[in-house]
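Structure, as structure tokens:
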Amino acid sequence: MEITNEILAKINKFTRREHNADELFVFEALLCDNEIDRDNERFTKEALTQLSTLFVGKTGIFDHNPKSGNQSARIFSTYLETDNTRKTSAGEDYICLKAQIYMVRTESNNDLIKEIDAGIKKEVSISCSCRRKVCSICGASRKGKQCSHINGKIYSNSRCHTILDDVTDAYEWSFVAVPAQVEAGVKKHYGTLENVDALEKLEESIELYRKSVIDDIRRMGCLKTQGAVGKTFSNAVSNMTLNELIQLKSELISENSKVSSKPQLSSGNMSQFKT
Ligand SMILES: [Zn+2]
């Protein structure tokens, strides 16, 4: 892809200093489209439009390539391309979201650039979040629940799938190295609301666990102390990270086991907290 002055101006909005064309490598990649994918899901045109805005400026990585490591590239521009001559399985005009991407040329990414030029790296994986997920047959919401229709099954000549709409965020994209003989294509990963729910549940569980560790530490008698020292200690404990709490708990357990084998030290230790 030729780096015109217009492209250069767009890229330089994202760089810390002005770059010239010789320092940059620019290429295009297909991010996603409105075709029903292998997970029986598809984006609406509106969703693709939202993604086109959200992906500008997002950096991606080249993974699964130990030789090149995780080298980053940034999307500096996106556009939707409609093909009126091609219909999707859902009977709509085919639309795809394309990204224009730049990398700053370095000695270490020389090989990678050659590979991209040779068309070896073709599969793009994206991750985003959609507020709306509906059944293509009955229109029921599939946010955390399922209607009677099954994805992939045919209902009166129509293959059931999930329609993804109302994109709230685009998280990342990555360029995955695939062997040249494998059909070039786009692999999509969606962070849906269920994933957000799962994450919230996980955070809840972590918080509950943290509280239980604090309770254990209290039970071990270290927070029974009254007055300023007790208060300071109590505050310090409640501000600790989970890892610090676990560490403290295990130290207390080992202290307590020493204490119980040497009862005469026990009262000594405890009285330190009481005074
Ligand atoms: Zn349905």
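Residues are named by chain letter and number: chains run A, B, ... in the order of the structure tokens, numbers start at 1 in each chain, and ligands are numbered from 1 in the order shown.
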
Next on the checklist: Could you list, as a list in words, every residue within 10 Å of A:Phe76, counting only C-alpha atoms and ignoring same-chain residues fewer than 4 positions away?
Outcome noted: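 Here the answer would be Ile7, Leu8, Lys10, Ile11, Asn12, Lys13, Phe14, Val26, Phe55, Val56, Gly57, Lys58, Thr59, Ala99, Gln100, Ile101 and Tyr102 of chain A.
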
Item to check | Residues within 12 Å of A:Leu51, only C-alpha atoms, excluding chain neighbours under 5 positions, as a PyMOL selection string | outcome: chain A and resi 31-34+43-46+56-58+77-80+96-99+126-130+164-173+190

Expected file: the selected residues, N, CA and C atoms, as a CSV table (one decimal), in the first residue's frame:
chain,number,residue,atom,x,y,z
A,31,LEU,N,-11.4,-6.8,9.0
A,31,LEU,CA,-11.7,-7.0,10.4
A,31,LEU,C,-12.8,-8.0,10.7
A,32,CYS,N,-13.9,-7.7,10.0
A,32,CYS,CA,-15.1,-8.5,10.1
A,32,CYS,C,-16.1,-8.1,9.1
A,33,ASP,N,-17.2,-8.9,9.0
A,33,ASP,CA,-18.2,-8.6,7.9
A,33,ASP,C,-19.6,-9.0,8.4
A,34,ASN,N,-20.6,-8.9,7.6
A,34,ASN,CA,-22.0,-9.2,8.0
A,34,ASN,C,-22.4,-10.6,7.6
A,43,PHE,N,-23.0,-9.7,12.5
A,43,PHE,CA,-23.2,-8.3,12.8
A,43,PHE,C,-24.2,-7.7,11.9
A,44,THR,N,-24.9,-6.7,12.4
A,44,THR,CA,-25.8,-5.9,11.6
A,44,THR,C,-24.9,-4.9,10.9
A,45,LYS,N,-25.5,-4.2,9.9
A,45,LYS,CA,-24.7,-3.1,9.3
A,45,LYS,C,-24.4,-2.0,10.3
A,46,GLU,N,-25.4,-1.7,11.2
A,46,GLU,CA,-25.2,-0.7,12.2
A,46,GLU,C,-24.1,-1.1,13.1
A,56,VAL,N,-10.8,2.6,15.3
A,56,VAL,CA,-9.7,3.6,14.9
A,56,VAL,C,-8.9,3.9,16.1
A,57,GLY,N,-7.5,3.7,15.9
A,57,GLY,CA,-6.6,4.0,17.0
A,57,GLY,C,-6.2,2.8,17.9
A,58,LYS,N,-6.9,1.7,17.7
A,58,LYS,CA,-6.7,0.5,18.5
A,58,LYS,C,-5.4,-0.2,18.0
A,77,SER,N,-7.2,4.0,10.3
A,77,SER,CA,-8.4,4.4,9.5
A,77,SER,C,-9.2,3.1,9.2
A,78,THR,N,-10.5,3.3,9.1
A,78,THR,CA,-11.3,2.1,8.8
A,78,THR,C,-12.4,2.5,7.8
A,79,TYR,N,-12.9,1.6,7.1
A,79,TYR,CA,-14.0,1.9,6.2
A,79,TYR,C,-14.8,0.7,5.9
A,80,LEU,N,-16.1,0.9,5.5
A,80,LEU,CA,-17.0,-0.2,5.2
A,80,LEU,C,-17.0,-0.4,3.7
A,96,CYS,N,-18.2,-5.5,4.4
A,96,CYS,CA,-17.1,-5.8,5.3
A,96,CYS,C,-16.5,-4.6,5.9
A,97,LEU,N,-15.9,-4.8,7.1
A,97,LEU,CA,-15.2,-3.7,7.7
A,97,LEU,C,-13.7,-3.9,7.5
A,98,LYS,N,-13.1,-2.9,6.8
A,98,LYS,CA,-11.7,-3.0,6.5
A,98,LYS,C,-10.9,-2.0,7.3
A,99,ALA,N,-9.7,-2.4,7.7
A,99,ALA,CA,-8.9,-1.5,8.5
A,99,ALA,C,-7.6,-1.2,7.8
A,126,ILE,N,-11.0,-10.5,16.3
A,126,ILE,CA,-11.4,-9.2,17.0
A,126,ILE,C,-12.1,-9.6,18.3
A,127,SER,N,-12.2,-8.6,19.2
A,127,SER,CA,-12.9,-8.8,20.4
A,127,SER,C,-13.7,-7.6,20.7
A,128,CYS,N,-15.0,-7.7,20.9
A,128,CYS,CA,-15.8,-6.5,21.1
A,128,CYS,C,-17.0,-6.9,22.0
A,129,SER,N,-17.8,-5.9,22.4
A,129,SER,CA,-18.9,-6.2,23.3
A,129,SER,C,-20.2,-5.6,22.7
A,130,CYS,N,-21.2,-6.5,22.6
A,130,CYS,CA,-22.5,-6.1,22.0
A,130,CYS,C,-23.6,-6.1,23.1
A,164,LEU,N,-26.0,-9.8,16.1
A,164,LEU,CA,-25.3,-9.0,17.1
A,164,LEU,C,-25.4,-7.5,16.7
A,165,ASP,N,-25.8,-6.7,17.7
A,165,ASP,CA,-26.1,-5.3,17.4
A,165,ASP,C,-25.7,-4.5,18.6
A,166,ASP,N,-25.7,-3.2,18.4
A,166,ASP,CA,-25.5,-2.2,19.5
A,166,ASP,C,-24.1,-2.5,20.2
A,167,VAL,N,-23.1,-2.3,19.4
A,167,VAL,CA,-21.7,-2.5,19.9
A,167,VAL,C,-21.4,-1.4,20.9
A,168,THR,N,-20.9,-1.9,22.1
A,168,THR,CA,-20.6,-0.9,23.1
A,168,THR,C,-19.1,-0.6,23.2
A,169,ASP,N,-18.3,-1.6,22.8
A,169,ASP,CA,-16.9,-1.4,22.9
A,169,ASP,C,-16.1,-2.4,22.0
A,170,ALA,N,-15.0,-1.9,21.5
A,170,ALA,CA,-14.1,-2.8,20.7
A,170,ALA,C,-12.8,-2.9,21.6
A,171,TYR,N,-12.5,-4.1,21.9
A,171,TYR,CA,-11.3,-4.2,22.8
A,171,TYR,C,-10.0,-4.4,22.1
A,172,GLU,N,-9.9,-5.3,21.2
A,172,GLU,CA,-8.6,-5.6,20.6
A,172,GLU,C,-8.7,-6.3,19.3
A,173,TRP,N,-7.7,-6.4,18.6
A,173,TRP,CA,-7.6,-7.2,17.4
A,173,TRP,C,-6.3,-7.8,17.3
A,190,TYR,N,-16.3,-12.6,20.2
A,190,TYR,CA,-17.1,-11.5,20.8
A,190,TYR,C,-17.1,-11.6,22.3

Checklist entry - What do you get as number ranges by chain if you pick all residues at most 10 Å from ligand 1, counting only C-alpha atoms and all ligand atoms? => result A: 134-142, 146-151, 155, 160-162

Write out, as a CSV table (one decimal), in the first residue's frame, the residues just selected, with C-alpha atoms.
chain,number,residue,atom,x,y,z
A,134,VAL,CA,-31.3,-11.6,19.2
A,135,CYS,CA,-32.6,-14.7,17.5
A,136,SER,CA,-32.8,-14.4,13.7
A,137,ILE,CA,-36.0,-16.4,13.7
A,138,CYS,CA,-38.2,-15.0,16.5
A,139,GLY,CA,-36.3,-11.8,17.4
A,140,ALA,CA,-36.1,-12.8,21.1
A,141,SER,CA,-33.2,-11.5,23.1
A,142,ARG,CA,-30.4,-14.0,23.7
A,146,GLN,CA,-32.2,-18.9,24.9
A,147,CYS,CA,-35.5,-19.1,22.9
A,148,SER,CA,-36.7,-22.4,21.5
A,149,HIS,CA,-34.7,-21.9,18.2
A,150,ILE,CA,-31.3,-23.6,17.8
A,151,ASN,CA,-28.4,-21.9,16.1
A,155,TYR,CA,-36.5,-23.1,10.1
A,160,CYS,CA,-31.1,-19.8,12.7
A,161,HIS,CA,-28.4,-17.5,13.9
A,162,THR,CA,-27.7,-14.8,16.5

Next on the checklist: List as an MDAnalysis selection string the protein and nucleic acid residues near stretch 208-216 of chain A, meaning an atom at most 10 Å away when only C-alpha atoms are counted, but skip any in the same chain fewer than 6 places from it.
Outcome noted: chainID A and resid 202 222:223 234 237:238 240:243 245:246 248:249 252:253

Item to check | DSSP strand (DSSP E or B) residues within stretch 82-143 of chain A, listed as a ChimeraX atom specification | outcome: /A:82-87,93-104,123-135,141

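Among the candidates A:Glu28, A:Glu6, A:Glu255, A:Glu244, the one nearest to A:Ala73 when counting only C-alpha atoms is A:Glu28.
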
Item to check | Among the residues A:His19, A:Lys143, A:Arg218, A:Arg159, the one that comes closest to A:Arg105 [using only C-alpha atoms] | outcome: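 Comparing A:His19, A:Lys143, A:Arg218, A:Arg159 against A:Arg105, the winner is A:His19.
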
Please, which residues of stretch 32-157 of chain A, numbered as in this document, come out alpha helix (DSSP H) from DSSP, as a tab-separated table (two decimals) with N, CA and C atoms, in the first residue's frame?
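File produced: selection.tsv:
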chain	number	residue	atom	x	y	z
A	45	LYS	N	-25.49	-4.15	9.94
A	45	LYS	CA	-24.75	-3.08	9.29
A	45	LYS	C	-24.43	-1.97	10.30
A	46	GLU	N	-25.41	-1.71	11.18
A	46	GLU	CA	-25.22	-0.67	12.21
A	46	GLU	C	-24.06	-1.06	13.13
A	47	ALA	N	-24.00	-2.35	13.48
A	47	ALA	CA	-22.92	-2.82	14.35
A	47	ALA	C	-21.56	-2.62	13.67
A	48	LEU	N	-21.52	-2.92	12.38
A	48	LEU	CA	-20.25	-2.75	11.64
A	48	LEU	C	-19.86	-1.27	11.61
A	49	THR	N	-20.88	-0.40	11.46
A	49	THR	CA	-20.60	1.04	11.45
A	49	THR	C	-20.04	1.48	12.81
A	50	GLN	N	-20.65	0.95	13.89
A	50	GLN	CA	-20.14	1.29	15.23
A	50	GLN	C	-18.71	0.78	15.42
A	51	LEU	N	-18.47	-0.44	14.95
A	51	LEU	CA	-17.12	-1.01	15.06
A	51	LEU	C	-16.11	-0.20	14.28
A	52	SER	N	-16.54	0.33	13.14
A	52	SER	CA	-15.61	1.09	12.30
A	52	SER	C	-15.10	2.32	13.04
A	53	THR	N	-15.94	2.91	13.87
A	53	THR	CA	-15.51	4.08	14.66
A	53	THR	C	-14.66	3.62	15.84
A	54	LEU	N	-15.12	2.57	16.52
A	54	LEU	CA	-14.46	2.13	17.75
A	54	LEU	C	-13.05	1.56	17.53
A	110	ASN	N	11.27	-6.66	10.45
A	110	ASN	CA	11.56	-6.78	9.02
A	110	ASN	C	10.97	-8.06	8.41
A	111	ASP	N	11.18	-9.17	9.09
A	111	ASP	CA	10.68	-10.46	8.60
A	111	ASP	C	9.16	-10.50	8.59
A	112	LEU	N	8.61	-9.93	9.64
A	112	LEU	CA	7.15	-9.89	9.78
A	112	LEU	C	6.53	-9.10	8.61
A	113	ILE	N	7.12	-7.97	8.31
A	113	ILE	CA	6.63	-7.14	7.20
A	113	ILE	C	6.71	-7.91	5.88
A	114	LYS	N	7.79	-8.65	5.72
A	114	LYS	CA	7.92	-9.47	4.50
A	114	LYS	C	6.81	-10.50	4.42
A	115	GLU	N	6.49	-11.09	5.59
A	115	GLU	CA	5.42	-12.10	5.63
A	115	GLU	C	4.06	-11.49	5.29
A	116	ILE	N	3.82	-10.30	5.81
A	116	ILE	CA	2.53	-9.64	5.52
A	116	ILE	C	2.47	-9.32	4.03
A	117	ASP	N	3.57	-8.80	3.50
A	117	ASP	CA	3.66	-8.49	2.08
A	117	ASP	C	3.39	-9.72	1.21

Residue contacts of A:Asn84 (12 Å, only C-alpha atoms) excluding same-chain residues fewer than 3 positions away, as an mmCIF file with N, CA and C atoms, in the first residue's frame:
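Written output follows (out24.cif):
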data_model
loop_
_atom_site.group_PDB
_atom_site.id
_atom_site.type_symbol
_atom_site.label_atom_id
_atom_site.label_comp_id
_atom_site.auth_asym_id
_atom_site.auth_seq_id
_atom_site.Cartn_x
_atom_site.Cartn_y
_atom_site.Cartn_z
ATOM 1 N N GLU A 81 -16.939 -1.593 3.231
ATOM 2 C CA GLU A 81 -16.960 -1.848 1.791
ATOM 3 C C GLU A 81 -18.174 -2.726 1.482
ATOM 4 N N LYS A 87 -24.432 -11.631 -2.063
ATOM 5 C CA LYS A 87 -25.417 -11.655 -0.973
ATOM 6 C C LYS A 87 -24.903 -12.544 0.157
ATOM 7 N N THR A 88 -25.225 -12.153 1.382
ATOM 8 C CA THR A 88 -24.855 -12.997 2.528
ATOM 9 C C THR A 88 -25.892 -14.112 2.671
ATOM 10 N N GLY A 91 -29.212 -13.021 3.135
ATOM 11 C CA GLY A 91 -29.851 -12.356 2.001
ATOM 12 C C GLY A 91 -29.583 -10.859 1.884
ATOM 13 N N GLU A 92 -28.592 -10.384 2.648
ATOM 14 C CA GLU A 92 -28.261 -8.949 2.564
ATOM 15 C C GLU A 92 -27.061 -8.740 1.650
ATOM 16 N N ASP A 93 -26.895 -7.482 1.196
ATOM 17 C CA ASP A 93 -25.676 -7.158 0.458
ATOM 18 C C ASP A 93 -24.481 -7.397 1.385
ATOM 19 N N TYR A 94 -23.409 -7.965 0.811
ATOM 20 C CA TYR A 94 -22.233 -8.251 1.627
ATOM 21 C C TYR A 94 -21.514 -6.944 1.991
ATOM 22 N N ILE A 95 -21.250 -6.774 3.277
ATOM 23 C CA ILE A 95 -20.515 -5.592 3.743
ATOM 24 C C ILE A 95 -19.361 -6.059 4.620
ATOM 25 N N CYS A 96 -18.189 -5.496 4.405
ATOM 26 C CA CYS A 96 -17.102 -5.832 5.324
ATOM 27 C C CYS A 96 -16.456 -4.577 5.881
#

Next on the checklist: What does the structure give for the distance between atom CA of A:Ile61 and atom CA of A:Asp37, in Å to one decimal?
Outcome noted: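 According to the coordinates, atom CA of A:Ile61 and atom CA of A:Asp37 are separated by 22.4 Å.
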
Checklist entry - With only C-alpha atoms as the basis for distance, which of A:Ser250, A:Glu204, A:Asn239, A:Val124 is at the shortest distance from A:Ile217? => result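 Smallest distance to A:Ile217 is found for A:Ser250.
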